[in-house]
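What follows is a short report on a single structure.
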Amino acid sequence: MSQRITIDPVTRIEGHLRIDCEVQNGQVKNAWSSGQMWRGIEKILQGRDPRDAWIFTQRICGVCTTVHAMASVRAVENALGMEIPLNAQLIRNLLIAGHGIFDHITHFYQLSALDWVDITSALKADPRKASNLGQKLSSWHRNSYDEIKNTQDKLSKFVESGQLGVFASGYWGHPAMKLPPEVNLLATTHYFQALEYQRIINQAVAILGSKTPHIQNLAVGGVTNPVDPNSSASLNMDKLYEIKAKIDEVDDFVKKVYLVDVAAVGAHYPDWTNYGAGVLNYLSVPDMPQDTKGKDFLLPGGYIPNGNVKDFQEISSFDDKLFRENVKESIKHSWYDGDWNRHPWSQETEPNYTGYNESGKYSWIKSPTFKGEPAQVGPLANVLCMYAAGHGPTRKYTNAALDIVSDLLGSQVQLKALHSTIGRHAARAVRAAVLCDTLSESWNQLVENIGKGDYEIFNKPSFPKGEVKGFGFHEAPRGTLSHWIVIRDGKIDNYQCVVPSTWNAGPRNADDKLGPYESSLLDNPIAEPEKPLEALRTIHSFDPCLACAIHMMDPKNEEIVNIKAL
Amino acid sequence: MKNDPQANSRHNASGCPDPVGEEQPTIPRILILGVGNILLSDEGAGIKAIQELQRQYSFPAEVELMDAGTSGMQLLPWIENRSDLFIIDIVNEQEADYGEVLQYNFEDPPAFIRKKNTSHQIGLHEVLAFSQMSNTLPSRIVLFGIRPLSFDTSLDLSPQVQKGLQKLVRMVVRELEKSGLSPTKQDD
């Protein structure tokens with residue numbers, strides 16, 4: 001018997017995504033991913049000054065503002081063949097790393113922990129045992145009995161008052177929930193603590209002149225925050241030390257709490273290393289440039305075909321040919337006019353909504369390919385590529401996470417366990433730890449460079465007559481982001497964004513191969529079709545963020561989330 | 001357009017309210033938050049309202065205005081520890097005319113939060129719920145809503161919403177006057 005599940009929208013994501021699954025004998029047999037919102041930034045940008053593009057692109061998404069700003073200025077700089085001052089690169093690197101850490105912490109605790117952690121079970125835990133467990137797993141100073149008992153009391157109050165608030169959407173008591181009460185309580189304690197550390201990292205980013213939610217201090221050619229150690233109106237030593245103190249606090253939380261929690265949760269869900277692998281071609285780009293030209297990077301990136309780390313191909317510069325020549329997008333299954341499979345520079349964006357038709361067009365998202373194949377992007381792709389490239393901190397934190405899991409399980413867990421739903425969470429935690437190192441290193445480099453008397457922050461762009469083309473990439477929290485621009489006589493002629501959620505959430509491609517979301521759902525167990533927690537686990541593990549644009553208040557209490565099991 | 005349509009809000013050295021910091025000045029007690037997406041026509045009405053308020057008035061130190069775009073969790077530190085939160089957004093009010101402006105007073109913010117559901121799952125409601133868990137929720141929330149007509153890809157509002165926007169601005173000003181915090185009309 002075949003059963004149909006439609007989840008529309010998928011909850012606890014930052015956008016609007018519809019997932020359809022065909023379930024047979026308690027397992028997903030086929031799946032379709034559909035982005036339900038049209039995004040036409042390209043239309044708005046045509047004819048505008050390329051120096052302003054980033055101001056508009058950061059409005060594409062409420063969560064990913066910084067990343068679209070960054071990719072945009074890089075695209076224009078690439079088209080003009082520009083160098084940018086070292087200070088500007090380093091300040092951008094600090095912003096990128098800070099933003100990434102914020103995003104990863106939020107994703108694990110606030111957006112997906114409730115898929116794995118049963119809040120109601122935490123109420124039954126013995127706080128003494130939970131504290132002992134916490135202290136056994138980590139040297140974190142806030143696993144004390146008092147702290148954990150307070151969390152439990154607070155939680156009881158919420159439940160007693162009937163005000164579950166953010167917890168109301170969890171599938172409590174679902175048969176797929178497996179954590180012991182003490183682990184649930186420990187994770188819930190960290191759930192609350194995470195809110196504090198998110199705030200701290202946001203403050204660090206804000207001191208750099210990037211007032212949330214919209215970054216303000218970028219420019220094509222550099223940054224606009226003046227650097228001067230002796231001026232109170234500039235980025236000076238006081239501010240830099242204020243940033244450093246915040247970096248250190250968050251560093252501690254990420255390495256002693258987040259990384260450990262993910263490993264502990266993973267150890268209690270070992271079967272979830274067998275589900276959710278999906279597309280095994282992994283794409284990521286290098287980031288954190290160390291020079292003015294974008295040829296030397298702190299974090300490597302590249303392409304891994306078929307999950308084989310040994311076949312890693314490096315992407316090595318902002319002008320990399322492998323990347324430039326191998327990205328294409330198909331609209332065979334997307335709501336645009338026609339049927340083509342093109343490079344971003346030669347695309348047009350003509351929306352043509354024709355209704356939901358699984359064998360025809362069923363999504364606003366285009367279907368991107370790298371070297372003609374679907375590719376998975378995101379922290380897992382990034383971590384595997386960095387691991388393959390021999391990046392020291394990546395190896396260190398990956399091995400640390402695998403060791404914790406192995407200890408708890410009593411058997412050695414291999415790197416290949418990462419090709420899975422739970423592996424995506426683990427990789428994101430590893431990446432957060434790597435970004436903490438990056439943050440400290442970028443901070444040191446900036447202080448050192450300013451110490452040498454270099455206060456340069458901006459090179460003025462100049463636009464030639466005729467046509468120039470460029471692309472800018474950025475390894476964003478959700479994966480490889482690229483902006484592609486064609487400039488004619490100093491004005492934008494074409495602009496395309498190939499975003500991480502397009503890579504992952506895209507529909508079938510020109511060859512009808514499934515996208516990463518779709519193929520990751522295959523063979524997932526579904527215990528209760530009307531509560532498809534397992535499908536949500538896999539989708540949430542990608543950190544979905546789609547079109548990320550609509551805010552609509554509904555003063556009446558209307559249920560918008562609709563889960564249909566037919 | 002050369003500059004980002006940012007709310008020219010007051011903020012401390014860190015650019016971000018930091019209620020726990022020792023040297024930080026007190027944060028303004030009323031936050032007026034415009035939310036939405038300026039790329040999708042009427043979806044950006046909340047942001048346009050903030051810009052319009054700033055163009056026409058100057059505000060007392062107790063009032064802060066912010067263009068929040070469509071951000072989620074990043075808003076948490078901004079919302080916390082205010083006495084009043086004014087939200088300007090489009091509303092899904094089927095009985096209203098397009099461009100009609102509605103004011104909702106929530107003297108009981110937790111009840112407002114329980115009526116969850118924006119189509120954005122980590123939307124304002126959830127951020128407010130997190131603020132509630134941290135005991136930092138503003139004690140009063142006022143929602144100024146306008147019914148949208150167009151979600152086209154465009155930087156312009158529909159004529160109906162454009163017209164309603166001026167009324168919305170006056171309603172916000174009136175609400176501030178009631179709190180004894182009248183903004184000053186700026187000379188054009």
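Quick note on naming: the chains in the structure tokens go A, B, ... in the order shown, residues restart at 1 in each chain, and ligands are numbered from 1 in order of appearance.
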DSSP helix (DSSP H, G or I) residues within region 72-280 of chain A, as a ChimeraX atom specification: /A:72-79,86-115,119-122,127-137,145-161,165-169,181-207,237-268,270-273
Next, write the just-selected residues to a file, as a compact mmCIF listing (two decimals), in the first residue's frame, keeping C-alpha atoms as the atom set.
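File written: out_22.txt
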# COMPACT_ATOMS: atom_id res chain seq x y z
CA SER A 72 27.63 40.40 -4.50
CA VAL A 73 30.63 42.66 -3.87
CA ARG A 74 32.94 39.76 -4.70
CA ALA A 75 31.13 39.24 -8.03
CA VAL A 76 31.58 42.87 -9.05
CA GLU A 77 35.20 42.92 -7.86
CA ASN A 78 35.83 39.76 -9.87
CA ALA A 79 34.28 41.30 -13.00
CA LEU A 86 44.07 43.29 3.32
CA ASN A 87 42.26 45.02 6.20
CA ALA A 88 39.05 44.84 4.21
CA GLN A 89 39.50 41.11 3.55
CA LEU A 90 40.16 40.48 7.24
CA ILE A 91 37.22 42.56 8.45
CA ARG A 92 35.01 40.70 5.97
CA ASN A 93 36.43 37.41 7.24
CA LEU A 94 35.53 38.34 10.80
CA LEU A 95 31.99 39.18 9.72
CA ILE A 96 31.66 35.95 7.76
CA ALA A 97 32.94 33.76 10.57
CA GLY A 98 30.83 35.52 13.20
CA HIS A 99 27.73 35.24 11.08
CA GLY A 100 28.40 31.55 10.40
CA ILE A 101 28.85 30.71 14.06
CA PHE A 102 25.61 32.52 14.96
CA ASP A 103 23.79 30.67 12.24
CA HIS A 104 25.09 27.22 13.13
CA ILE A 105 24.34 27.55 16.85
CA THR A 106 20.82 28.79 16.07
CA HIS A 107 20.26 26.01 13.62
CA PHE A 108 21.19 23.18 15.92
CA TYR A 109 19.50 24.38 19.08
CA GLN A 110 16.56 26.54 18.03
CA LEU A 111 15.72 25.12 14.63
CA SER A 112 16.39 21.40 14.84
CA ALA A 113 17.11 20.15 18.36
CA LEU A 114 13.41 19.58 18.90
CA ASP A 115 13.52 16.89 16.19
CA ILE A 119 11.27 18.38 26.05
CA THR A 120 8.56 16.54 27.99
CA SER A 121 10.96 13.71 28.75
CA ALA A 122 13.42 16.25 30.19
CA PRO A 127 18.95 16.79 37.40
CA ARG A 128 21.79 15.37 39.52
CA LYS A 129 22.38 12.60 37.01
CA ALA A 130 22.11 15.03 34.10
CA SER A 131 24.73 17.25 35.72
CA ASN A 132 27.06 14.30 36.31
CA LEU A 133 26.66 13.22 32.72
CA GLY A 134 27.40 16.75 31.50
CA GLN A 135 30.53 16.95 33.59
CA LYS A 136 31.68 13.58 32.34
CA LEU A 137 31.27 14.63 28.72
CA TYR A 145 23.43 20.84 39.25
CA ASP A 146 22.01 24.30 40.03
CA GLU A 147 22.01 25.43 36.42
CA ILE A 148 20.37 22.23 35.22
CA LYS A 149 17.83 22.15 38.05
CA ASN A 150 16.87 25.76 37.25
CA THR A 151 16.26 24.85 33.63
CA GLN A 152 14.04 21.97 34.63
CA ASP A 153 12.05 24.20 37.00
CA LYS A 154 11.63 26.81 34.32
CA LEU A 155 10.47 24.16 31.88
CA SER A 156 7.93 22.77 34.36
CA LYS A 157 6.50 26.24 34.75
CA PHE A 158 6.04 26.58 31.01
CA VAL A 159 4.35 23.23 30.73
CA GLU A 160 2.11 23.83 33.77
CA SER A 161 0.98 27.20 32.49
CA GLY A 165 5.47 28.74 23.09
CA VAL A 166 8.29 27.67 20.81
CA PHE A 167 8.06 24.12 22.11
CA ALA A 168 4.47 23.72 21.01
CA SER A 169 5.36 22.43 17.56
CA PRO A 181 15.59 11.83 30.06
CA GLU A 182 18.97 13.05 31.38
CA VAL A 183 20.33 13.71 27.88
CA ASN A 184 17.10 15.51 27.03
CA LEU A 185 17.49 17.72 30.08
CA LEU A 186 21.14 18.45 29.42
CA ALA A 187 20.38 19.38 25.82
CA THR A 188 17.46 21.55 26.92
CA THR A 189 19.72 23.38 29.36
CA HIS A 190 22.09 24.12 26.51
CA TYR A 191 19.16 25.14 24.34
CA PHE A 192 18.57 28.04 26.72
CA GLN A 193 22.27 28.82 27.08
CA ALA A 194 22.60 28.91 23.29
CA LEU A 195 20.36 31.99 23.24
CA GLU A 196 22.94 33.84 25.32
CA TYR A 197 25.92 32.92 23.16
CA GLN A 198 24.07 33.80 19.96
CA ARG A 199 23.60 37.24 21.40
CA ILE A 200 27.27 37.55 22.26
CA ILE A 201 28.49 36.61 18.79
CA ASN A 202 25.97 38.99 17.26
CA GLN A 203 27.35 41.78 19.39
CA ALA A 204 30.87 41.01 18.19
CA VAL A 205 29.70 41.27 14.60
CA ALA A 206 27.84 44.47 15.38
CA ILE A 207 30.95 46.18 16.74
CA MET A 237 42.05 48.79 19.84
CA ASP A 238 39.34 49.15 22.49
CA LYS A 239 36.74 47.87 20.09
CA LEU A 240 39.01 45.12 18.85
CA TYR A 241 39.58 43.89 22.42
CA GLU A 242 35.85 44.04 23.11
CA ILE A 243 35.38 41.80 20.07
CA LYS A 244 38.10 39.42 21.22
CA ALA A 245 36.48 38.91 24.64
CA LYS A 246 33.23 37.96 22.95
CA ILE A 247 34.98 35.64 20.51
CA ASP A 248 36.57 33.76 23.43
CA GLU A 249 33.27 33.26 25.24
CA VAL A 250 31.57 31.87 22.16
CA ASP A 251 34.58 29.72 21.27
CA ASP A 252 34.18 27.98 24.60
CA PHE A 253 30.48 27.33 24.09
CA VAL A 254 30.96 25.92 20.59
CA LYS A 255 33.79 23.56 21.47
CA LYS A 256 32.66 22.44 24.92
CA VAL A 257 28.91 22.37 24.40
CA TYR A 258 27.70 22.41 20.80
CA LEU A 259 30.24 19.94 19.42
CA VAL A 260 29.76 17.63 22.42
CA ASP A 261 25.95 17.79 22.31
CA VAL A 262 25.83 16.88 18.64
CA ALA A 263 28.11 13.91 19.26
CA ALA A 264 26.05 12.79 22.27
CA VAL A 265 22.78 13.06 20.36
CA GLY A 266 24.37 11.22 17.43
CA ALA A 267 25.50 8.39 19.68
CA HIS A 268 21.89 7.83 20.77
CA PRO A 270 23.19 5.48 15.52
CA ASP A 271 20.59 4.30 12.97
CA TRP A 272 20.45 7.87 11.65
CA THR A 273 23.94 7.48 10.26
If we count only C-alpha atoms and set the cut-off at 10 Å, which residues sit around region 314-328 of chain A, ignoring sequence neighbours fewer than 5 positions away in its own chain? Please answer as a ChimeraX atom specification. /A:74-75,77-79,81,283-287,289,293-297,300-304,340-347,366-374,385-386,388-389,470-474,482,484,498
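Taking CA of Pro516 (chain A) as the reference point, CA of Thr66 (chain A) is found at 24.8 Å.
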Region 156-163 of chain B: which residues within 8 Å, counting only C-alpha atoms, same-chain residues fewer than 4 positions away excluded, as a PyMOL selection string? chain B and resi 41-42+44-45+98-100+146-150+167
Contact residues around Leu155 (chain B) with only C-alpha atoms at 12 Å, ignoring same-chain residues under 5 positions, as number ranges by chain: A: 40-41, 43-45, 56, 59; B: 1, 5, 36-45, 47-48, 150, 162
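Summary of the local environment: counting only C-alpha atoms, residues at most 8 Å from Leu75 (chain B), other than itself and those fewer than 4 positions away along its chain, are A:Thr212, A:Pro213, B:Ala68, B:Ser71, B:Ile79, B:Val127.
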Using N, CA and C atoms, can you export the residues from the last selection as an mmCIF file, in the first residue's frame?
data_model
loop_
_atom_site.group_PDB
_atom_site.id
_atom_site.type_symbol
_atom_site.label_atom_id
_atom_site.label_comp_id
_atom_site.auth_asym_id
_atom_site.auth_seq_id
_atom_site.Cartn_x
_atom_site.Cartn_y
_atom_site.Cartn_z
ATOM 1 N N THR A 212 23.005 44.565 12.760
ATOM 2 C CA THR A 212 22.017 43.589 12.321
ATOM 3 C C THR A 212 20.673 44.281 12.129
ATOM 4 N N PRO A 213 19.811 43.767 11.281
ATOM 5 C CA PRO A 213 20.056 42.582 10.475
ATOM 6 C C PRO A 213 20.756 42.875 9.142
ATOM 7 N N ALA B 68 13.735 46.052 10.231
ATOM 8 C CA ALA B 68 14.149 44.690 10.584
ATOM 9 C C ALA B 68 14.196 43.758 9.390
ATOM 10 N N SER B 71 14.324 39.457 9.055
ATOM 11 C CA SER B 71 15.195 38.631 9.881
ATOM 12 C C SER B 71 14.439 37.981 11.023
ATOM 13 N N ILE B 79 14.668 43.295 20.646
ATOM 14 C CA ILE B 79 13.306 43.338 21.170
ATOM 15 C C ILE B 79 13.287 43.347 22.693
ATOM 16 N N VAL B 127 10.396 34.663 17.807
ATOM 17 C CA VAL B 127 11.410 35.482 18.470
ATOM 18 C C VAL B 127 10.826 36.045 19.769
#
For chain A, the nearest of the candidates B:Gly34, B:Pro28, B:Gly164, B:Gly72, counting only C-alpha atoms: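 That would be B:Gly72, the residue with the smallest distance to chain A.
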Choose the residue, out of A:Gly162, A:Gly221, A:Gly47, A:Gly278, that has the smallest atom-to-atom separation from Leu514 (chain A); count only C-alpha atoms.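 The closest residue to Leu514 (chain A) is A:Gly278.
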Among region 306-539 of chain A, which residues carry a DSSP assignment of strand (DSSP E or B), reported as a count of residues only? 49
Compare A:Ile487, A:Val499, A:Val28, A:Leu439 by their minimum atom-to-atom distance to Arg51 (chain A), counting only C-alpha atoms, and give me the closest one.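 Between A:Ile487, A:Val499, A:Val28, A:Leu439, the residue approaching Arg51 (chain A) most closely is A:Ile487.
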Find the spatial neighbours of Phe458 (chain A), counting only C-alpha atoms, within a cut-off of 9 Å - ignore same-chain residues fewer than 4 positions away - and output them as an MDAnalysis selection string. chainID A and resid 84:85 87:88 219:224
Keeping all heavy atoms for every residue in the selection just given, could you write it to a file as a PDB file, in the first residue's frame?
ATOM      1  N   ILE A  84      41.462  43.962  -3.265  1.00  0.00           N
ATOM      2  CA  ILE A  84      40.950  44.800  -2.177  1.00  0.00           C
ATOM      3  C   ILE A  84      41.937  44.770  -1.020  1.00  0.00           C
ATOM      4  O   ILE A  84      42.686  43.810  -0.847  1.00  0.00           O
ATOM      5  CB  ILE A  84      39.519  44.422  -1.748  1.00  0.00           C
ATOM      6  CG1 ILE A  84      39.509  43.146  -0.920  1.00  0.00           C
ATOM      7  CG2 ILE A  84      38.565  44.285  -2.926  1.00  0.00           C
ATOM      8  CD1 ILE A  84      38.287  43.074  -0.046  1.00  0.00           C
ATOM      9  N   PRO A  85      41.988  45.847  -0.241  1.00  0.00           N
ATOM     10  CA  PRO A  85      43.001  45.936   0.820  1.00  0.00           C
ATOM     11  C   PRO A  85      42.897  44.784   1.825  1.00  0.00           C
ATOM     12  O   PRO A  85      41.806  44.272   2.084  1.00  0.00           O
ATOM     13  CB  PRO A  85      42.682  47.266   1.510  1.00  0.00           C
ATOM     14  CG  PRO A  85      41.909  48.053   0.509  1.00  0.00           C
ATOM     15  CD  PRO A  85      41.146  47.052  -0.298  1.00  0.00           C
ATOM     16  N   ASN A  87      43.154  44.737   5.057  1.00  0.00           N
ATOM     17  CA  ASN A  87      42.264  45.021   6.195  1.00  0.00           C
ATOM     18  C   ASN A  87      40.813  44.697   5.848  1.00  0.00           C
ATOM     19  O   ASN A  87      40.072  44.162   6.670  1.00  0.00           O
ATOM     20  CB  ASN A  87      42.332  46.500   6.592  1.00  0.00           C
ATOM     21  CG  ASN A  87      43.578  46.815   7.391  1.00  0.00           C
ATOM     22  OD1 ASN A  87      44.127  45.955   8.066  1.00  0.00           O
ATOM     23  ND2 ASN A  87      44.043  48.055   7.292  1.00  0.00           N
ATOM     24  N   ALA A  88      40.437  45.067   4.627  1.00  0.00           N
ATOM     25  CA  ALA A  88      39.045  44.836   4.215  1.00  0.00           C
ATOM     26  C   ALA A  88      38.748  43.341   4.149  1.00  0.00           C
ATOM     27  O   ALA A  88      37.695  42.885   4.604  1.00  0.00           O
ATOM     28  CB  ALA A  88      38.774  45.501   2.872  1.00  0.00           C
ATOM     29  N   ALA A 219      31.504  47.708   0.709  1.00  0.00           N
ATOM     30  CA  ALA A 219      31.523  48.491  -0.519  1.00  0.00           C
ATOM     31  C   ALA A 219      32.231  47.645  -1.556  1.00  0.00           C
ATOM     32  O   ALA A 219      33.085  46.827  -1.203  1.00  0.00           O
ATOM     33  CB  ALA A 219      32.282  49.794  -0.308  1.00  0.00           C
ATOM     34  N   VAL A 220      31.869  47.814  -2.813  1.00  0.00           N
ATOM     35  CA  VAL A 220      32.654  47.192  -3.867  1.00  0.00           C
ATOM     36  C   VAL A 220      34.032  47.830  -3.792  1.00  0.00           C
ATOM     37  O   VAL A 220      34.148  49.049  -3.891  1.00  0.00           O
ATOM     38  CB  VAL A 220      32.010  47.434  -5.254  1.00  0.00           C
ATOM     39  CG1 VAL A 220      32.968  47.035  -6.364  1.00  0.00           C
ATOM     40  CG2 VAL A 220      30.708  46.672  -5.365  1.00  0.00           C
ATOM     41  N   GLY A 221      35.048  47.028  -3.519  1.00  0.00           N
ATOM     42  CA  GLY A 221      36.398  47.555  -3.354  1.00  0.00           C
ATOM     43  C   GLY A 221      36.902  47.516  -1.921  1.00  0.00           C
ATOM     44  O   GLY A 221      38.050  47.837  -1.653  1.00  0.00           O
ATOM     45  N   GLY A 222      36.042  47.120  -0.967  1.00  0.00           N
ATOM     46  CA  GLY A 222      36.538  47.034   0.408  1.00  0.00           C
ATOM     47  C   GLY A 222      35.443  47.109   1.443  1.00  0.00           C
ATOM     48  O   GLY A 222      34.376  46.518   1.284  1.00  0.00           O
ATOM     49  N   VAL A 223      35.750  47.838   2.519  1.00  0.00           N
ATOM     50  CA  VAL A 223      34.760  48.073   3.571  1.00  0.00           C
ATOM     51  C   VAL A 223      34.752  49.569   3.870  1.00  0.00           C
ATOM     52  O   VAL A 223      35.634  50.307   3.410  1.00  0.00           O
ATOM     53  CB  VAL A 223      35.091  47.286   4.871  1.00  0.00           C
ATOM     54  CG1 VAL A 223      34.969  45.782   4.647  1.00  0.00           C
ATOM     55  CG2 VAL A 223      36.467  47.647   5.406  1.00  0.00           C
ATOM     56  N   THR A 224      33.746  50.008   4.625  1.00  0.00           N
ATOM     57  CA  THR A 224      33.653  51.449   4.881  1.00  0.00           C
ATOM     58  C   THR A 224      33.927  51.815   6.339  1.00  0.00           C
ATOM     59  O   THR A 224      33.822  52.969   6.698  1.00  0.00           O
ATOM     60  CB  THR A 224      32.255  51.986   4.503  1.00  0.00           C
ATOM     61  OG1 THR A 224      31.273  51.240   5.231  1.00  0.00           O
ATOM     62  CG2 THR A 224      31.996  51.845   3.015  1.00  0.00           C
TER      63      THR A 224
END
